[in-house]
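Heads up, run.tsv below (TSV, C-alpha atoms and all ligand atoms):
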chain	number	residue	atom	x	y	z
K	1	MET	CA	0.00	0.00	0.00
K	2	THR	CA	1.46	3.37	-0.98
K	3	VAL	CA	0.91	6.38	1.23
K	4	PRO	CA	0.29	9.59	-0.76
K	5	PRO	CA	3.04	12.17	-0.28
K	6	LEU	CA	2.59	14.20	2.90
K	7	ALA	CA	3.52	17.83	3.21
K	8	PRO	CA	6.34	17.93	5.71
K	9	TYR	CA	5.97	19.33	9.22
K	10	PRO	CA	4.83	21.94	10.11
K	11	ALA	CA	2.32	21.97	7.22
K	12	THR	CA	1.29	18.51	8.29
K	13	ARG	CA	0.50	18.19	11.96
K	14	LEU	CA	-1.33	14.89	12.53
K	15	ARG	CA	-2.37	16.06	15.98
K	16	ARG	CA	-4.67	18.71	14.41
K	17	LEU	CA	-7.39	16.14	13.85
K	18	ARG	CA	-7.06	14.71	17.35
K	19	GLN	CA	-7.67	17.92	19.25
K	20	ALA	CA	-11.41	17.56	19.90
K	21	ASP	CA	-13.87	14.78	20.46
K	22	TRP	CA	-15.93	15.87	17.44
K	23	SER	CA	-12.95	15.78	15.09
K	24	ARG	CA	-11.74	12.45	16.45
K	25	ARG	CA	-15.20	11.01	15.80
K	26	LEU	CA	-15.26	12.55	12.35
K	27	VAL	CA	-12.08	10.81	11.22
K	28	ARG	CA	-12.66	7.51	13.07
K	29	GLU	CA	-12.04	4.59	10.72
K	30	THR	CA	-13.94	1.79	12.43
K	31	GLU	CA	-16.79	1.50	14.86
K	32	VAL	CA	-18.20	-1.25	17.07
K	33	ARG	CA	-21.97	-1.55	17.00
K	34	PRO	CA	-24.31	-3.95	18.80
K	35	ALA	CA	-24.81	-5.65	15.42
K	36	ASP	CA	-21.15	-6.72	15.51
K	37	LEU	CA	-21.63	-8.85	18.60
K	38	ILE	CA	-22.42	-12.51	19.11
K	39	TRP	CA	-23.27	-13.14	22.75
K	40	SER	CA	-21.38	-16.11	24.14
K	41	MET	CA	-23.62	-17.79	26.70
K	42	VAL	CA	-23.50	-20.89	28.92
K	43	VAL	CA	-26.69	-22.85	29.62
K	44	HIS	CA	-27.21	-25.52	32.26
K	45	GLU	CA	-29.68	-28.29	32.98
K	46	GLY	CA	-30.93	-26.95	36.31
K	47	GLU	CA	-33.01	-23.97	37.37
K	48	GLY	CA	-32.00	-20.34	37.75
K	49	CYS	CA	-28.59	-18.76	37.29
K	50	VAL	CA	-25.29	-20.10	38.62
K	51	PRO	CA	-22.27	-17.76	38.71
K	52	VAL	CA	-19.03	-18.94	37.08
K	53	ALA	CA	-16.26	-18.29	39.61
K	54	SER	CA	-13.46	-17.59	37.15
K	55	MET	CA	-15.65	-15.35	34.97
K	56	PRO	CA	-17.18	-12.67	37.21
K	57	GLY	CA	-20.41	-11.40	35.67
K	58	VAL	CA	-21.02	-14.59	33.67
K	59	GLU	CA	-23.66	-17.03	34.84
K	60	ARG	CA	-24.83	-20.39	33.61
K	61	LEU	CA	-28.46	-19.87	32.62
K	62	SER	CA	-31.37	-22.27	32.81
K	63	VAL	CA	-33.41	-22.84	29.65
K	64	LYS	CA	-35.99	-20.38	30.94
K	65	GLU	CA	-33.38	-17.72	31.67
K	66	ALA	CA	-31.78	-18.31	28.28
K	67	ALA	CA	-35.12	-17.54	26.62
K	68	LYS	CA	-35.30	-14.28	28.58
K	69	ALA	CA	-31.74	-13.50	27.54
K	70	ALA	CA	-32.71	-13.98	23.89
K	71	VAL	CA	-35.39	-11.33	24.31
K	72	ARG	CA	-32.81	-9.07	25.92
K	73	ALA	CA	-30.44	-9.66	22.99
K	74	ARG	CA	-33.17	-8.69	20.55
K	75	ASP	CA	-33.95	-5.53	22.48
K	76	LEU	CA	-30.27	-4.63	22.60
K	77	GLY	CA	-29.78	-5.17	18.86
K	78	ILE	CA	-27.48	-8.17	19.32
K	79	PRO	CA	-28.02	-10.29	16.20
K	80	ALA	CA	-26.98	-13.70	17.48
K	81	ILE	CA	-26.21	-15.81	20.54
K	82	ALA	CA	-23.76	-18.71	20.76
K	83	ILE	CA	-24.73	-21.27	23.40
K	84	PHE	CA	-22.53	-23.74	25.25
K	85	PRO	CA	-23.79	-26.43	27.63
K	86	HIS	CA	-22.79	-27.20	31.19
K	87	ILE	CA	-23.54	-30.88	31.70
K	88	ASP	CA	-23.77	-32.62	35.07
K	89	PRO	CA	-20.61	-34.75	35.46
K	90	SER	CA	-22.70	-37.81	36.33
K	91	ARG	CA	-24.16	-37.76	32.81
K	92	LYS	CA	-20.84	-37.68	30.96
K	93	ASP	CA	-19.00	-40.74	29.65
K	94	ALA	CA	-16.00	-41.53	27.50
K	95	ALA	CA	-18.06	-41.57	24.30
K	96	GLY	CA	-20.00	-38.39	25.05
K	97	SER	CA	-23.12	-40.50	24.52
K	98	ILE	CA	-25.65	-37.75	25.16
K	99	ALA	CA	-24.14	-35.21	22.76
K	100	ALA	CA	-26.89	-35.78	20.20
K	101	ASP	CA	-29.77	-36.25	22.66
K	102	PRO	CA	-32.75	-34.42	21.11
K	103	ASP	CA	-34.09	-33.77	24.63
K	104	GLY	CA	-30.78	-32.36	25.89
K	105	VAL	CA	-30.30	-28.90	27.32
K	106	ILE	CA	-28.98	-27.44	24.04
K	107	PRO	CA	-31.97	-28.36	21.84
K	108	ARG	CA	-34.33	-27.35	24.64
K	109	ALA	CA	-32.59	-24.00	24.95
K	110	VAL	CA	-32.60	-23.46	21.17
K	111	LYS	CA	-36.36	-24.07	20.99
K	112	ALA	CA	-37.12	-21.85	23.98
K	113	MET	CA	-34.93	-19.05	22.65
K	114	LYS	CA	-36.34	-19.22	19.11
K	115	ASP	CA	-39.88	-19.21	20.55
K	116	ALA	CA	-39.14	-16.19	22.72
K	117	ALA	CA	-37.16	-14.17	20.15
K	118	PRO	CA	-37.28	-15.66	16.66
K	119	GLU	CA	-35.43	-12.61	15.30
K	120	VAL	CA	-32.24	-13.60	17.10
K	121	GLY	CA	-29.89	-16.08	15.42
K	122	ILE	CA	-28.87	-19.05	17.55
K	123	MET	CA	-25.50	-20.68	17.07
K	124	CYS	CA	-24.54	-24.07	18.52
K	125	ASP	CA	-21.09	-25.49	19.13
K	126	VAL	CA	-20.64	-28.82	17.37
K	127	ALA	CA	-18.17	-30.67	19.60
K	128	LEU	CA	-18.15	-33.51	22.08
K	129	ASP	CA	-16.10	-32.00	24.92
K	130	PRO	CA	-18.97	-30.81	27.14
K	131	PHE	CA	-20.30	-34.38	27.10
K	132	THR	CA	-17.14	-36.49	27.51
K	133	ASP	CA	-15.75	-37.41	30.92
K	134	HIS	CA	-12.18	-36.97	29.63
K	135	GLY	CA	-12.93	-33.50	28.23
K	136	HIS	CA	-11.60	-34.16	24.75
K	137	ASP	CA	-13.49	-33.03	21.65
K	138	GLY	CA	-13.39	-36.43	20.06
K	139	VAL	CA	-13.67	-40.18	20.37
K	140	VAL	CA	-10.56	-41.44	22.19
K	141	GLU	CA	-8.99	-44.84	21.53
K	142	GLY	CA	-5.73	-45.87	23.11
K	143	GLY	CA	-4.90	-42.26	23.91
K	144	ARG	CA	-5.54	-41.10	20.33
K	145	ILE	CA	-8.35	-38.83	19.20
K	146	LEU	CA	-9.99	-40.60	16.27
K	147	ASN	CA	-10.74	-38.22	13.41
K	148	ASP	CA	-13.27	-40.06	11.25
K	149	ALA	CA	-15.14	-41.77	14.09
K	150	THR	CA	-15.52	-38.36	15.73
K	151	ILE	CA	-16.96	-36.85	12.54
K	152	GLU	CA	-19.76	-39.42	12.56
K	153	ARG	CA	-20.74	-38.32	16.06
K	154	LEU	CA	-20.51	-34.64	15.11
K	155	ILE	CA	-22.89	-35.20	12.20
K	156	GLU	CA	-25.50	-36.72	14.55
K	157	GLN	CA	-25.05	-33.82	16.94
K	158	GLY	CA	-25.19	-31.16	14.22
K	159	LEU	CA	-28.30	-32.62	12.57
K	160	MET	CA	-29.99	-32.75	15.96
K	161	GLN	CA	-29.14	-29.08	16.55
K	162	ALA	CA	-30.42	-28.10	13.10
K	163	ALA	CA	-33.65	-30.01	13.72
K	164	ALA	CA	-34.06	-28.14	17.01
K	165	GLY	CA	-33.93	-24.88	15.06
K	166	ALA	CA	-30.32	-23.76	15.37
K	167	ASP	CA	-29.51	-21.19	12.69
K	168	ILE	CA	-25.73	-21.56	12.72
K	169	LEU	CA	-23.72	-24.70	13.43
K	170	ALA	CA	-20.21	-23.98	14.63
K	171	PRO	CA	-17.92	-27.02	14.62
K	172	SER	CA	-15.21	-26.29	17.18
K	173	ASP	CA	-13.50	-29.67	17.25
K	174	MET	CA	-10.79	-29.22	14.57
K	175	MET	CA	-11.20	-32.71	13.08
K	176	ASP	CA	-10.16	-32.79	9.42
K	177	GLY	CA	-13.04	-32.99	6.96
K	178	ARG	CA	-15.88	-32.25	9.34
K	179	ILE	CA	-17.16	-29.20	7.49
K	180	GLY	CA	-17.67	-31.09	4.24
K	181	ALA	CA	-19.28	-34.03	6.01
K	182	LEU	CA	-21.61	-31.77	7.94
K	183	ARG	CA	-22.55	-29.72	4.88
K	184	GLY	CA	-23.35	-32.90	2.97
K	185	ALA	CA	-25.49	-34.25	5.80
K	186	LEU	CA	-27.38	-30.97	6.14
K	187	GLU	CA	-28.13	-30.90	2.41
K	188	ALA	CA	-29.24	-34.52	2.44
K	189	ASP	CA	-31.59	-33.97	5.37
K	190	GLY	CA	-33.31	-30.84	4.05
K	191	PHE	CA	-31.36	-28.29	6.09
K	192	GLN	CA	-29.89	-26.47	3.12
K	193	ASP	CA	-30.37	-23.09	4.81
K	194	THR	CA	-28.54	-23.94	8.02
K	195	MET	CA	-25.35	-21.90	8.18
K	196	ILE	CA	-21.94	-23.17	9.16
K	197	MET	CA	-19.46	-20.99	10.97
K	198	SER	CA	-16.28	-22.97	11.12
K	199	TYR	CA	-13.87	-22.66	14.00
K	200	ALA	CA	-11.37	-22.85	11.16
K	201	ALA	CA	-8.21	-21.46	12.76
K	202	LYS	CA	-8.49	-22.65	16.32
K	203	TYR	CA	-5.36	-22.78	18.42
K	204	ALA	CA	-4.37	-25.05	21.33
K	205	SER	CA	-4.55	-22.18	23.77
K	206	ALA	CA	-4.15	-21.55	27.49
K	207	PHE	CA	-6.82	-18.88	27.20
K	208	TYR	CA	-9.68	-21.41	27.29
K	209	GLY	CA	-9.08	-22.13	31.00
K	210	PRO	CA	-12.14	-20.45	32.51
K	211	TYR	CA	-14.42	-21.96	29.84
K	212	ARG	CA	-13.63	-25.41	31.16
K	213	ASP	CA	-14.71	-24.15	34.57
K	214	ALA	CA	-17.86	-22.67	33.01
K	215	ILE	CA	-18.96	-25.86	31.26
K	216	GLY	CA	-17.62	-28.15	33.95
K	217	SER	CA	-14.87	-29.93	32.01
K	218	ALA	CA	-11.94	-29.00	34.22
K	219	LYS	CA	-9.95	-32.20	33.81
K	220	LEU	CA	-7.74	-31.15	30.91
K	221	SER	CA	-6.70	-27.94	32.59
K	222	ALA	CA	-5.74	-30.06	35.61
K	223	GLY	CA	-3.05	-31.59	33.43
K	224	GLN	CA	-4.71	-34.68	31.98
K	225	GLY	CA	-3.55	-34.32	28.42
K	226	ASP	CA	-3.93	-31.44	26.01
K	227	LYS	CA	-5.56	-30.73	22.66
K	228	LYS	CA	-2.37	-30.25	20.66
K	229	THR	CA	-3.00	-33.17	18.29
K	230	TYR	CA	-6.05	-31.45	16.87
K	231	GLN	CA	-5.96	-27.75	17.73
K	232	MET	CA	-3.28	-25.62	16.03
K	233	ASP	CA	0.17	-24.71	17.27
K	234	PRO	CA	0.16	-21.04	18.39
K	235	ALA	CA	3.42	-20.62	16.48
K	236	ASN	CA	1.77	-21.13	13.08
K	237	THR	CA	0.24	-18.75	10.57
K	238	GLU	CA	0.74	-20.40	7.14
K	239	GLU	CA	-1.14	-23.42	8.45
K	240	ALA	CA	-4.13	-21.20	9.26
K	241	ILE	CA	-4.36	-20.36	5.56
K	242	ARG	CA	-4.54	-24.05	4.70
K	243	GLU	CA	-7.13	-24.77	7.40
K	244	VAL	CA	-9.37	-21.95	6.22
K	245	ALA	CA	-8.96	-22.73	2.51
K	246	LEU	CA	-10.16	-26.28	3.15
K	247	ASP	CA	-13.12	-25.21	5.27
K	248	ILE	CA	-14.28	-22.73	2.65
K	249	ALA	CA	-13.92	-25.37	-0.06
K	250	GLU	CA	-15.94	-27.78	2.10
K	251	GLY	CA	-18.83	-25.34	2.44
K	252	ALA	CA	-18.32	-23.05	5.43
K	253	ASP	CA	-20.37	-19.84	5.21
K	254	MET	CA	-18.36	-17.99	7.82
K	255	ILE	CA	-15.02	-18.59	9.42
K	256	MET	CA	-13.65	-17.92	12.87
K	257	VAL	CA	-10.32	-17.29	14.53
K	258	LYS	CA	-9.92	-18.37	18.13
K	259	PRO	CA	-8.66	-17.05	20.56
K	260	GLY	CA	-9.13	-13.39	19.70
K	261	LEU	CA	-6.80	-10.65	20.84
K	262	PRO	CA	-3.54	-12.65	20.80
K	263	TYR	CA	-4.36	-13.75	17.21
K	264	LEU	CA	-5.27	-10.47	15.50
K	265	ASP	CA	-2.46	-11.02	12.99
K	266	ILE	CA	-4.14	-14.25	11.89
K	267	LEU	CA	-7.51	-12.52	11.65
K	268	ARG	CA	-6.12	-9.75	9.44
K	269	ARG	CA	-4.33	-12.24	7.21
K	270	LEU	CA	-7.43	-14.35	6.72
K	271	VAL	CA	-9.62	-11.36	5.91
K	272	ASP	CA	-7.10	-10.13	3.34
K	273	GLU	CA	-6.59	-13.59	1.86
K	274	PHE	CA	-10.16	-14.93	1.64
K	275	ARG	CA	-12.57	-11.97	1.96
K	276	MET	CA	-15.02	-14.17	3.83
K	277	PRO	CA	-17.18	-13.08	6.76
K	278	THR	CA	-14.57	-13.67	9.45
K	279	TYR	CA	-15.25	-13.65	13.19
K	280	ALA	CA	-13.05	-13.48	16.25
K	281	PHE	CA	-13.82	-15.31	19.49
K	282	GLN	CA	-12.81	-13.25	22.51
K	283	VAL	CA	-12.49	-16.33	24.69
K	284	SER	CA	-13.04	-16.97	28.38
K	285	GLY	CA	-9.45	-16.28	29.42
K	286	GLU	CA	-9.45	-12.94	27.63
K	287	TYR	CA	-12.65	-12.06	29.47
K	288	ALA	CA	-11.24	-13.20	32.81
K	289	MET	CA	-8.02	-11.21	32.38
K	290	ILE	CA	-9.84	-7.95	31.78
K	291	LYS	CA	-12.27	-8.60	34.65
K	292	ALA	CA	-9.52	-9.55	37.07
K	293	ALA	CA	-7.31	-6.58	36.28
K	294	GLY	CA	-10.35	-4.31	36.40
K	295	ALA	CA	-11.46	-5.69	39.77
K	296	ASN	CA	-8.00	-4.98	41.16
K	297	GLY	CA	-8.06	-1.44	39.88
K	298	TRP	CA	-5.08	-2.17	37.66
K	299	ILE	CA	-6.82	-1.15	34.45
K	300	ASP	CA	-9.93	0.82	33.60
K	301	GLU	CA	-12.18	-2.13	32.88
K	302	GLU	CA	-14.78	-0.37	30.77
K	303	ARG	CA	-12.24	1.31	28.54
K	304	ALA	CA	-10.27	-1.92	28.20
K	305	ILE	CA	-13.38	-3.82	27.08
K	306	LEU	CA	-14.31	-1.24	24.46
K	307	GLU	CA	-10.73	-0.94	23.26
K	308	SER	CA	-10.46	-4.72	22.87
K	309	LEU	CA	-13.67	-4.82	20.82
K	310	ALA	CA	-12.48	-1.93	18.65
K	311	ALA	CA	-9.24	-3.81	18.01
K	312	PHE	CA	-11.16	-6.73	16.50
K	313	LYS	CA	-13.02	-4.42	14.13
K	314	ARG	CA	-9.80	-2.65	13.16
K	315	ALA	CA	-8.21	-6.01	12.39
K	316	GLY	CA	-11.07	-6.75	9.98
K	317	ALA	CA	-13.52	-8.85	11.98
K	318	ALA	CA	-17.07	-8.99	10.66
K	319	GLY	CA	-18.11	-9.64	14.24
K	320	ILE	CA	-16.96	-10.71	17.68
K	321	ILE	CA	-18.12	-13.62	19.80
K	322	THR	CA	-17.83	-12.30	23.33
K	323	TYR	CA	-19.06	-12.70	26.89
K	324	PHE	CA	-19.10	-8.90	27.06
K	325	ALA	CA	-21.86	-8.67	24.43
K	326	PRO	CA	-24.81	-7.60	26.63
K	327	TRP	CA	-22.74	-5.06	28.55
K	328	ALA	CA	-21.15	-3.69	25.39
K	329	ALA	CA	-24.43	-3.52	23.47
K	330	GLU	CA	-25.96	-1.53	26.30
K	331	LYS	CA	-23.01	0.82	26.30
K	332	LEU	CA	-22.85	1.22	22.51
K	333	GLY	CA	-26.53	1.03	21.58
Y	1	LIG	N1	-14.56	-27.37	21.60
Y	1	LIG	C1	-15.01	-26.73	22.70
Y	1	LIG	C2	-14.86	-25.29	22.82
Y	1	LIG	N2	-15.74	-24.41	22.24
Y	1	LIG	C3	-15.38	-23.13	22.67
Y	1	LIG	C4	-14.29	-23.24	23.53
Y	1	LIG	C5	-13.61	-22.14	24.27
Y	1	LIG	C6	-14.46	-20.97	24.63
Y	1	LIG	C7	-13.85	-20.03	25.59
Y	1	LIG	O1	-12.75	-20.24	26.13
Y	1	LIG	O2	-14.51	-19.02	25.86
Y	1	LIG	C8	-13.93	-24.59	23.60
Y	1	LIG	C9	-12.81	-25.09	24.44
Y	1	LIG	C10	-11.79	-25.91	23.86
Y	1	LIG	O3	-11.67	-26.07	22.65
Y	1	LIG	O4	-11.02	-26.50	24.62
Y	2	MG	MG	-9.59	-28.04	9.62
Is it possible to express this structure as C-alpha cells?
Ligand SMILES: NCc1[nH]cc(CCC(=O)O)c1CC(=O)O
Ligand SMILES: [Mg+2]
Amino acid sequence: MTVPPLAPYPATRLRRLRQADWSRRLVRETEVRPADLIWSMVVHEGEGCVPVASMPGVERLSVKEAAKAAVRARDLGIPAIAIFPHIDPSRKDAAGSIAADPDGVIPRAVKAMKDAAPEVGIMCDVALDPFTDHGHDGVVEGGRILNDATIERLIEQGLMQAAAGADILAPSDMMDGRIGALRGALEADGFQDTMIMSYAAKYASAFYGPYRDAIGSAKLSAGQGDKKTYQMDPANTEEAIREVALDIAEGADMIMVKPGLPYLDILRRLVDEFRMPTYAFQVSGEYAMIKAAGANGWIDEERAILESLAAFKRAGAAGIITYFAPWAAEKLG
C-alpha cells in the first residue's frame, strides 16, 4: 500500500485532527456496534442462574433464563447468541453419549430461545467435549483422538441441533473434513439453509481455561492431556491459511479465529486472503483477564473492554463472539 506524499511538518500536523472529540469522531475509521456482537452464553440443565467463579459477571443460565436472555439480545440489537452447555458430570461418559440427545439442554434452549425471540440467530457449538468425561473433543482410543469416528458423532449432533432450530452450526472440534461431512449431511436432510461458521483457525490455547470451569470440564486444565494433536500450534500462521482454505472449499459460510486478541495477525491475514465473513472469538481467558485486572483497579475495565472490541473491528472482523456482548451492546446502543 502506498501512502500519498505528505507535506512535511509543520504543514502537516497529525495532531490537528485529534484535538477535539468531534474531530476524532469525524475521522474515526472503524466503529463497534451492537450488530457486531455474538453473545457467548452458557446454559445448564438446572433452574435459575449459577455464577461462574473464574468469569465474574457470567452465569450459567437455565433454559428459561436463556429464553429471557434472547429477548434481551433482541432488544439490545445483538443479532446472534452462541450457546454452550454445562452438563452434570454424572451424565458424561468416554463416548459423550448424550451429545446428540434431542431432549438435551442445548436443543431445549434453542427451541425456547427461538420461541421467545425468533429474530435472534442461535448458534450451537458442534463438539463432544462438554459431554465427555475426559474432556476431549473427540472419540478417544488408546490415547488417540480418532478423526473419522468423531466426525460421525458430530454429524449426529449437528443434525440434531439443526432439527431443534439452530440457525448456525459452529464445529469447534478441529477434526479434518468435518465441514464437508456436515454440509453434505445438512443438504441430504433438508437443512440447506442452516449456516456453518467454522472454527477454522483454532489454536491449542491456554486462554480457554475459565471456559472449562464454566462448562464443567476442568480435567484437561488439571493436566490430563492437552488438545495439541487437533488444535493448532500457536506458532503457526501459514497453516491457518490451509485450514481456512479447506473449510471454505468444504462449504463453510463464515469462518472464525480463536482465541481473539492474541491472534489479530491471523484474523487480518485471513480477511485479506479470503474476503469471507470472518469472526473473532474473545475467549473466556481474555474475558477473565480484563475482569480480574479491572477488579483490582489495575486497568480501567470499561475502557479496556471497548478498546479490545475496537481492536477486532480494526483487524477486519465482521463480528466478535464475546461474553461482554450484553454489557457492550448496552453501552454502545
Ligand atoms: N470445543 C469446545 C470449545 N468451544 C469453545 C471453547 C472455548 C471458549 C472459551 O474459552 O470461551 C472450547 C474449548 C476448547 O476447545 O477447549
Ligand atoms: Mg480443519
Between K:Ile255, K:Ala206, K:Ile248, K:Ala95, which one has atoms that come closest to K:Gly285, using only C-alpha atoms?
-> K:Ala206
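In this comparison, which uses all atoms listed in the file, the residue of K:Gly158, K:Pro118, K:Gly216, K:Pro85 approaching K:Ser40 most closely is K:Pro85.
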Of the listed residues K:Gly251, K:Gly190, K:Pro234, K:Pro210, that which approaches ligand LIG 1 (chain Y) most closely, counting all atoms listed in the file | K:Pro210
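Distances here use all atoms listed in the file; by that measure, the residue among K:Arg303, K:Arg144, K:His86, K:Arg275 closest to ligand LIG 1 (chain Y) is K:His86.
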List all protein, DNA and RNA residues that have an atom no more than 8 Å from any atom of ligand LIG 1 (chain Y), counting all atoms listed in the file, and report them as a PyMOL selection string.
-> chain K and resi 40+84+125-130+136-137+171-173+202+204-205+207-212+227+231+259+281-285+322-323
Best match for closeness to K:Leu159 among K:Asp233, K:Asp101, K:Glu301, K:Asp115, counting all atoms listed in the file = K:Asp101
Please identify every residue of chain K that has at least one atom no farther than 10 Å from an atom of ligand MG 2 (chain Y), counting all atoms listed in the file, and for each give the shortest atom pair and the distance in Å to one decimal, arranged by chain then increasing number, as a tab-separated table.
residue	atom	partner	partner_atom	distance
K:Pro171	CA	Y:MG2	MG	9.8
K:Ser172	CA	Y:MG2	MG	9.6
K:Asp173	CA	Y:MG2	MG	8.7
K:Met174	CA	Y:MG2	MG	5.2
K:Met175	CA	Y:MG2	MG	6.0
K:Asp176	CA	Y:MG2	MG	4.8
K:Gly177	CA	Y:MG2	MG	6.6
K:Arg178	CA	Y:MG2	MG	7.6
K:Ile179	CA	Y:MG2	MG	7.9
K:Ser198	CA	Y:MG2	MG	8.5
K:Tyr199	CA	Y:MG2	MG	8.2
K:Ala200	CA	Y:MG2	MG	5.7
K:Ala201	CA	Y:MG2	MG	7.4
K:Lys202	CA	Y:MG2	MG	8.7
K:Tyr230	CA	Y:MG2	MG	8.8
K:Gln231	CA	Y:MG2	MG	8.9
K:Met232	CA	Y:MG2	MG	9.3
K:Glu239	CA	Y:MG2	MG	9.7
K:Ala240	CA	Y:MG2	MG	8.8
K:Arg242	CA	Y:MG2	MG	8.1
K:Glu243	CA	Y:MG2	MG	4.7
K:Val244	CA	Y:MG2	MG	7.0
K:Ala245	CA	Y:MG2	MG	8.9
K:Leu246	CA	Y:MG2	MG	6.7
K:Asp247	CA	Y:MG2	MG	6.3
K:Ile248	CA	Y:MG2	MG	9.9
K:Glu250	CA	Y:MG2	MG	9.8
Applying 12 Å and all atoms listed in the file, which residues near K:Glu302 remain after dropping the ones on its own chain fewer than 6 positions away? List them as a PDB file with C-alpha atoms, in the coordinates of the input.
ATOM      1  CA  TYR K 287     -12.650 -12.060  29.470  1.00  0.00           C
ATOM      2  CA  ILE K 290      -9.840  -7.950  31.780  1.00  0.00           C
ATOM      3  CA  LYS K 291     -12.270  -8.600  34.650  1.00  0.00           C
ATOM      4  CA  ALA K 293      -7.310  -6.580  36.280  1.00  0.00           C
ATOM      5  CA  GLY K 294     -10.350  -4.310  36.400  1.00  0.00           C
ATOM      6  CA  ALA K 295     -11.460  -5.690  39.770  1.00  0.00           C
ATOM      7  CA  SER K 308     -10.460  -4.720  22.870  1.00  0.00           C
ATOM      8  CA  LEU K 309     -13.670  -4.820  20.820  1.00  0.00           C
ATOM      9  CA  PHE K 324     -19.100  -8.900  27.060  1.00  0.00           C
ATOM     10  CA  TRP K 327     -22.740  -5.060  28.550  1.00  0.00           C
ATOM     11  CA  ALA K 328     -21.150  -3.690  25.390  1.00  0.00           C
ATOM     12  CA  LYS K 331     -23.010   0.820  26.300  1.00  0.00           C
ATOM     13  CA  LEU K 332     -22.850   1.220  22.510  1.00  0.00           C
TER      14      LEU K 332
END
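Separating atom CA of K:Val110 from atom CA of K:Ile215 is a distance of 17.1 Å.
Nearest to K:Asp213 of all the residues K:Pro51, K:Gly260, K:Pro34, K:Pro5 is K:Pro51, based on only C-alpha atoms.
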Excluding K:Ile78 and any residue of its chain fewer than 4 positions from it, enumerate the residues within 8 Å of it, using only C-alpha atoms, and give them as an NGL selection string.
-> :K and (34-39 or 73-74 or 120 or 325-326 or 329)
Atoms kept (C-alpha atoms) for selection, written as a short mmCIF file (atom, residue, chain, number, x, y, z; two decimals), keeping the file's coordinate frame:
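Listed below is the output, part06.cif:
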data_model
loop_
_atom_site.label_atom_id
_atom_site.label_comp_id
_atom_site.auth_asym_id
_atom_site.auth_seq_id
_atom_site.Cartn_x
_atom_site.Cartn_y
_atom_site.Cartn_z
CA PRO K 34 -24.31 -3.95 18.80
CA ALA K 35 -24.81 -5.65 15.42
CA ASP K 36 -21.15 -6.72 15.51
CA LEU K 37 -21.63 -8.85 18.60
CA ILE K 38 -22.42 -12.51 19.11
CA TRP K 39 -23.27 -13.14 22.75
CA ALA K 73 -30.44 -9.66 22.99
CA ARG K 74 -33.17 -8.69 20.55
CA VAL K 120 -32.24 -13.60 17.10
CA ALA K 325 -21.86 -8.67 24.43
CA PRO K 326 -24.81 -7.60 26.63
CA ALA K 329 -24.43 -3.52 23.47
#
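Note that the spacing between atom CA of K:Gly48 and atom CA of K:Glu65 amounts to 6.8 Å.
Straight-line separation from atom CA of K:Asp272 to atom CA of K:Gly77: 27.9 Å.
Excluding K:Asp103 itself and any same-chain residue fewer than 5 positions from it, the protein and nucleic acid residues within 10 Å of it, counting all atoms listed in the file, are Ile98, Arg108, Ala109, Met160 and Ala164 of chain K.
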C-alpha atoms of the current selection, written as a PDB file, in the frame of the given file:
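The resulting file, result11.pdb, is shown below:
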ATOM      1  CA  ILE K  98     -25.650 -37.750  25.160  1.00  0.00           C
ATOM      2  CA  ARG K 108     -34.330 -27.350  24.640  1.00  0.00           C
ATOM      3  CA  ALA K 109     -32.590 -24.000  24.950  1.00  0.00           C
ATOM      4  CA  MET K 160     -29.990 -32.750  15.960  1.00  0.00           C
ATOM      5  CA  ALA K 164     -34.060 -28.140  17.010  1.00  0.00           C
TER       6      ALA K 164
END
